[in-house]
file start-v6.txt (compact mmCIF, C-alpha atoms)
# COMPACT_ATOMS: atom_id res chain seq x y z
CA MET A 1 7.60 -17.64 1.67
CA HIS A 2 5.41 -19.58 4.07
CA VAL A 3 3.19 -18.16 6.74
CA ALA A 4 2.97 -20.77 9.47
CA SER A 5 -0.33 -20.65 11.25
CA HIS A 6 -2.88 -23.01 12.66
CA ASP A 7 -5.66 -21.02 11.02
CA GLU A 8 -4.30 -21.03 7.47
CA THR A 9 -7.14 -20.75 5.00
CA HIS A 10 -7.59 -21.11 1.26
CA CYS A 11 -6.01 -18.33 -0.76
CA PRO A 12 -6.98 -17.53 -4.37
CA ILE A 13 -3.55 -18.09 -5.93
CA GLU A 14 -0.47 -20.10 -5.02
CA LEU A 15 1.62 -16.94 -4.65
CA CYS A 16 -0.43 -15.99 -1.59
CA LYS A 17 -0.71 -17.41 1.90
CA CYS A 18 -3.80 -16.56 3.89
CA THR A 19 -4.74 -16.81 7.51
CA LYS A 20 -8.17 -15.82 8.76
CA PHE A 21 -7.42 -12.07 8.74
CA GLU A 22 -4.19 -11.69 6.73
CA ALA A 23 -2.93 -12.37 3.22
CA ILE A 24 0.71 -12.21 2.14
CA CYS A 25 1.46 -12.49 -1.57
CA SER A 26 4.99 -12.77 -2.88
CA GLY A 27 6.89 -13.52 -6.07
CA LYS A 28 7.89 -12.08 -9.43
CA ASN A 29 4.90 -13.82 -11.04
CA LEU A 30 2.60 -11.64 -8.94
CA ILE A 31 1.31 -9.28 -11.63
CA TYR A 32 -2.22 -8.56 -10.41
CA ILE A 33 -4.19 -8.19 -7.19
CA PRO A 34 -6.37 -11.23 -6.54
CA ARG A 35 -9.62 -11.41 -4.60
CA PHE A 36 -9.26 -12.66 -1.02
CA PRO A 37 -11.45 -14.53 1.46
CA ARG A 38 -14.05 -12.26 3.08
CA ASP A 39 -12.41 -11.97 6.53
CA VAL A 40 -8.99 -10.83 5.25
CA GLU A 41 -8.32 -7.28 6.49
CA SER A 42 -4.53 -7.05 6.16
CA VAL A 43 -2.85 -7.54 2.77
CA THR A 44 0.85 -7.45 1.93
CA PHE A 45 2.34 -7.70 -1.56
CA LEU A 46 6.07 -8.51 -1.59
CA ASN A 47 8.61 -8.74 -4.40
CA GLY A 48 5.99 -8.79 -7.12
CA ASN A 49 5.75 -7.31 -10.57
CA ILE A 50 2.55 -5.30 -10.21
CA GLY A 51 3.75 -2.33 -12.27
CA MET A 52 0.78 0.03 -11.97
CA LEU A 53 -1.93 0.62 -9.38
CA SER A 54 -5.30 2.17 -10.17
CA LYS A 55 -8.87 1.96 -8.90
CA GLU A 56 -9.49 -0.71 -11.54
CA ARG A 57 -6.42 -2.75 -10.55
CA THR A 58 -7.23 -2.60 -6.82
CA LYS A 59 -10.95 -3.38 -7.19
CA ASN A 60 -10.54 -6.97 -5.91
CA LEU A 61 -9.62 -5.48 -2.52
CA THR A 62 -12.93 -3.65 -2.28
CA PHE A 63 -14.72 -6.88 -1.34
CA ASN A 64 -12.84 -6.75 1.98
CA VAL A 65 -12.69 -4.25 4.81
CA ILE A 66 -8.97 -3.44 4.59
CA TYR A 67 -7.20 -1.95 7.62
CA LYS A 68 -3.60 -2.60 6.59
CA LEU A 69 -2.30 -2.47 3.02
CA SER A 70 1.36 -2.92 2.07
CA PHE A 71 3.19 -2.81 -1.24
CA ILE A 72 6.88 -3.66 -0.83
CA ASN A 73 9.25 -4.06 -3.78
CA ASN A 74 6.64 -4.67 -6.47
CA ALA A 75 8.21 -2.79 -9.41
CA ILE A 76 5.46 -0.17 -9.21
CA VAL A 77 6.13 2.54 -11.78
CA ARG A 78 2.77 4.34 -11.69
CA LEU A 79 0.20 5.04 -9.02
CA GLU A 80 -2.99 6.49 -10.49
CA PRO A 81 -4.70 9.25 -8.45
CA ASP A 82 -7.73 7.00 -7.91
CA ALA A 83 -5.77 3.92 -6.78
CA PHE A 84 -6.92 4.10 -3.14
CA SER A 85 -10.08 6.19 -3.58
CA THR A 86 -12.45 3.38 -2.59
CA PHE A 87 -10.67 2.48 0.65
CA ILE A 88 -12.22 4.17 3.67
CA THR A 89 -10.92 2.05 6.56
CA ILE A 90 -7.14 1.92 6.01
CA LYS A 91 -5.20 2.50 9.22
CA VAL A 92 -1.75 1.50 7.95
CA LEU A 93 -0.52 2.11 4.40
CA THR A 94 2.95 1.04 3.30
CA ILE A 95 4.54 1.76 -0.06
CA SER A 96 8.21 0.85 0.19
CA PHE A 97 11.18 -0.20 -1.93
CA GLU A 98 9.56 1.29 -5.05
CA PRO A 99 12.41 3.35 -6.58
CA SER A 100 10.61 3.91 -9.91
CA LEU A 101 7.54 5.39 -8.23
CA LEU A 102 7.30 9.18 -8.09
CA ALA A 103 6.50 10.86 -4.78
CA SER A 104 4.01 13.04 -6.68
CA ASP A 105 2.05 9.90 -7.67
CA VAL A 106 1.78 8.96 -4.00
CA MET A 107 0.72 12.51 -3.11
CA ASN A 108 -2.02 12.46 -5.76
CA ALA A 109 -3.28 9.08 -4.52
CA LEU A 110 -3.36 10.39 -0.94
CA ASN A 111 -5.31 13.44 -2.14
CA ASN A 112 -8.03 11.13 -3.48
CA MET A 113 -8.08 8.76 -0.52
CA ASN A 114 -10.22 8.94 2.60
CA THR A 115 -7.52 9.33 5.27
CA ALA A 116 -9.90 9.67 8.24
CA HIS A 117 -8.68 6.42 9.84
CA LEU A 118 -5.04 6.53 8.71
CA LYS A 119 -2.67 6.11 11.67
CA SER A 120 0.56 5.10 9.98
CA LEU A 121 2.01 5.94 6.57
CA ASN A 122 5.23 4.14 5.65
CA LEU A 123 7.10 5.39 2.59
CA ILE A 124 10.43 3.68 3.17
CA ASN A 125 13.39 3.27 0.83
CA ASN A 126 11.81 4.70 -2.32
CA ASP A 127 14.97 6.62 -3.33
CA TRP A 128 13.15 9.94 -3.22
CA MET A 129 15.31 13.06 -3.04
CA PHE A 130 12.45 15.57 -2.75
CA LEU A 131 8.82 15.52 -1.75
CA PRO A 132 6.15 17.79 -3.24
CA ASP A 133 5.41 20.75 -0.94
CA ASP A 134 1.85 19.53 -0.36
CA MET A 135 2.80 15.86 0.02
CA PHE A 136 0.80 15.32 3.22
CA LYS A 137 -1.88 17.99 2.80
CA ALA A 138 -4.54 15.32 2.26
CA ILE A 139 -3.97 13.78 5.67
CA LYS A 140 -6.66 15.69 7.53
CA THR A 141 -6.93 13.56 10.61
CA ASN A 142 -5.63 13.88 14.12
CA LYS A 143 -5.33 10.08 14.16
CA ILE A 144 -2.06 10.03 12.22
CA GLN A 145 0.66 8.81 14.57
CA LYS A 146 3.53 8.07 12.22
CA ILE A 147 4.84 9.06 8.82
CA ASN A 148 7.95 6.99 8.15
CA LEU A 149 10.29 8.25 5.42
CA ASN A 150 13.34 6.22 6.46
CA SER A 151 16.03 5.28 3.95
CA ASN A 152 15.09 7.75 1.25
CA ASN A 153 17.62 10.27 -0.08
CA LEU A 154 15.68 13.33 1.00
CA GLN A 155 17.53 16.62 0.64
CA LEU A 156 14.81 18.95 1.92
CA LEU A 157 11.53 18.61 3.77
CA ASN A 158 9.00 21.42 3.69
CA PHE A 159 6.07 21.04 6.10
CA SER A 160 4.81 24.61 5.89
call {"tool": "encode", "arguments": {"input": "start-v6.txt", "output": "structure tokens"}}
result
Amino acid sequence: MHVASHDETHCPIELCKCTKFEAICSGKNLIYIPRFPRDVESVTFLNGNIGMLSKERTKNLTFNVIYKLSFINNAIVRLEPDAFSTFITIKVLTISFEPSLLASDVMNALNNMNTAHLKSLNLINNDWMFLPDDMFKAIKTNKIQKINLNSNNLQLLNFS
């Protein structure tokens, strides 16, 4: 994958392409989250082999002010409750194409995340059939504009 841009900048590993404000990392050899140039505020991980996300594994992102964070098809099997606990500025969070990830793991991570700035939550094509009753209880902001659950196998949604 190549991100064509006149302002391409140095990225920490070959699997990533960086512009001034965005980093896109892709490939099966992507097994960890690298540290990015200071101005990067949007990070996308595609088709990697990250496996598990925790506060420890996402710590390299804490050197940046992250507004948009995406994990798409990264073979994530576990999301620790503290995975996003240090992020206070995220506006868009995407966790998609992660069929081995439990919806309850995502719920627990949301419960421990500051969602004050969250505008868009994309949980697309994760093969979920059910969501925990309190799945979105942690989202205590009137800024949320979109929760996208497209292409899951949901049988029942309870928003009471």
call {"tool": "residues_near_point", "arguments": {"input": "start-v6.txt", "point": "(8.8, -3.5, -0.8)", "cutoff": "12 Å", "atoms": "only C-alpha atoms", "output": "MDAnalysis selection string"}}
result
chainID A and resid 25:27 44:50 69:76 94:101 122:126
call {"tool": "write_last_selection", "arguments": {"input": "start-v6.txt", "atoms": "C-alpha atoms", "output": "mmCIF file, keeping the file's coordinate frame"}}
result
data_model
loop_
_atom_site.group_PDB
_atom_site.id
_atom_site.type_symbol
_atom_site.label_atom_id
_atom_site.label_comp_id
_atom_site.auth_asym_id
_atom_site.auth_seq_id
_atom_site.Cartn_x
_atom_site.Cartn_y
_atom_site.Cartn_z
ATOM 1 C CA CYS A 25 1.460 -12.490 -1.570
ATOM 2 C CA SER A 26 4.990 -12.770 -2.880
ATOM 3 C CA GLY A 27 6.890 -13.520 -6.070
ATOM 4 C CA THR A 44 0.850 -7.450 1.930
ATOM 5 C CA PHE A 45 2.340 -7.700 -1.560
ATOM 6 C CA LEU A 46 6.070 -8.510 -1.590
ATOM 7 C CA ASN A 47 8.610 -8.740 -4.400
ATOM 8 C CA GLY A 48 5.990 -8.790 -7.120
ATOM 9 C CA ASN A 49 5.750 -7.310 -10.570
ATOM 10 C CA ILE A 50 2.550 -5.300 -10.210
ATOM 11 C CA LEU A 69 -2.300 -2.470 3.020
ATOM 12 C CA SER A 70 1.360 -2.920 2.070
ATOM 13 C CA PHE A 71 3.190 -2.810 -1.240
ATOM 14 C CA ILE A 72 6.880 -3.660 -0.830
ATOM 15 C CA ASN A 73 9.250 -4.060 -3.780
ATOM 16 C CA ASN A 74 6.640 -4.670 -6.470
ATOM 17 C CA ALA A 75 8.210 -2.790 -9.410
ATOM 18 C CA ILE A 76 5.460 -0.170 -9.210
ATOM 19 C CA THR A 94 2.950 1.040 3.300
ATOM 20 C CA ILE A 95 4.540 1.760 -0.060
ATOM 21 C CA SER A 96 8.210 0.850 0.190
ATOM 22 C CA PHE A 97 11.180 -0.200 -1.930
ATOM 23 C CA GLU A 98 9.560 1.290 -5.050
ATOM 24 C CA PRO A 99 12.410 3.350 -6.580
ATOM 25 C CA SER A 100 10.610 3.910 -9.910
ATOM 26 C CA LEU A 101 7.540 5.390 -8.230
ATOM 27 C CA ASN A 122 5.230 4.140 5.650
ATOM 28 C CA LEU A 123 7.100 5.390 2.590
ATOM 29 C CA ILE A 124 10.430 3.680 3.170
ATOM 30 C CA ASN A 125 13.390 3.270 0.830
ATOM 31 C CA ASN A 126 11.810 4.700 -2.320
#
call {"tool": "atom_distance", "arguments": {"input": "start-v6.txt", "atom1": "atom CA of Leu93 of chain A", "atom2": "atom CA of Tyr67 of chain A"}}
result
8.5 Å
call {"tool": "atom_distance", "arguments": {"input": "start-v6.txt", "atom1": "atom CA of Ile88 of chain A", "atom2": "atom CA of Asn148 of chain A"}}
result
20.9 Å
call {"tool": "residues_around", "arguments": {"input": "start-v6.txt", "residues": "Lys146 of chain A", "least_positions_apart": "4", "cutoff": "9 Å", "atoms": "all atoms listed in the file", "output": "number ranges by chain"}}
result
A: 119-122
call {"tool": "closest_residue", "arguments": {"input": "start-v6.txt", "among": "A:Leu102, A:Met107, A:Ile66, A:Leu154", "to": "Phe87 of chain A", "atoms": "only C-alpha atoms"}}
result
A:Ile66
call {"tool": "atom_distance", "arguments": {"input": "start-v6.txt", "atom1": "atom CA of Thr58 of chain A", "atom2": "atom CA of Thr9 of chain A"}}
result
21.7 Å
call {"tool": "closest_residue", "arguments": {"input": "start-v6.txt", "among": "A:Asp39, A:Glu80, A:Asp133, A:Asp127", "to": "Cys18 of chain A", "atoms": "all atoms listed in the file"}}
result
A:Asp39
call {"tool": "closest_residue", "arguments": {"input": "start-v6.txt", "among": "A:Leu118, A:Thr62, A:Lys68, A:Glu22", "to": "Asn142 of chain A", "atoms": "all atoms listed in the file"}}
result
A:Leu118
call {"tool": "closest_residue", "arguments": {"input": "start-v6.txt", "among": "A:Asn108, A:Asn60, A:Asn29, A:Thr19", "to": "Asp82 of chain A", "atoms": "only C-alpha atoms"}}
result
A:Asn108
call {"tool": "closest_residue", "arguments": {"input": "start-v6.txt", "among": "A:Ile90, A:Ala83, A:Ala138, A:Ile24", "to": "Pro12 of chain A", "atoms": "all atoms listed in the file"}}
result
A:Ile24
call {"tool": "closest_residue", "arguments": {"input": "start-v6.txt", "among": "A:Ala116, A:Ile139, A:Met129, A:Cys11", "to": "Arg35 of chain A", "atoms": "all atoms listed in the file"}}
result
A:Cys11
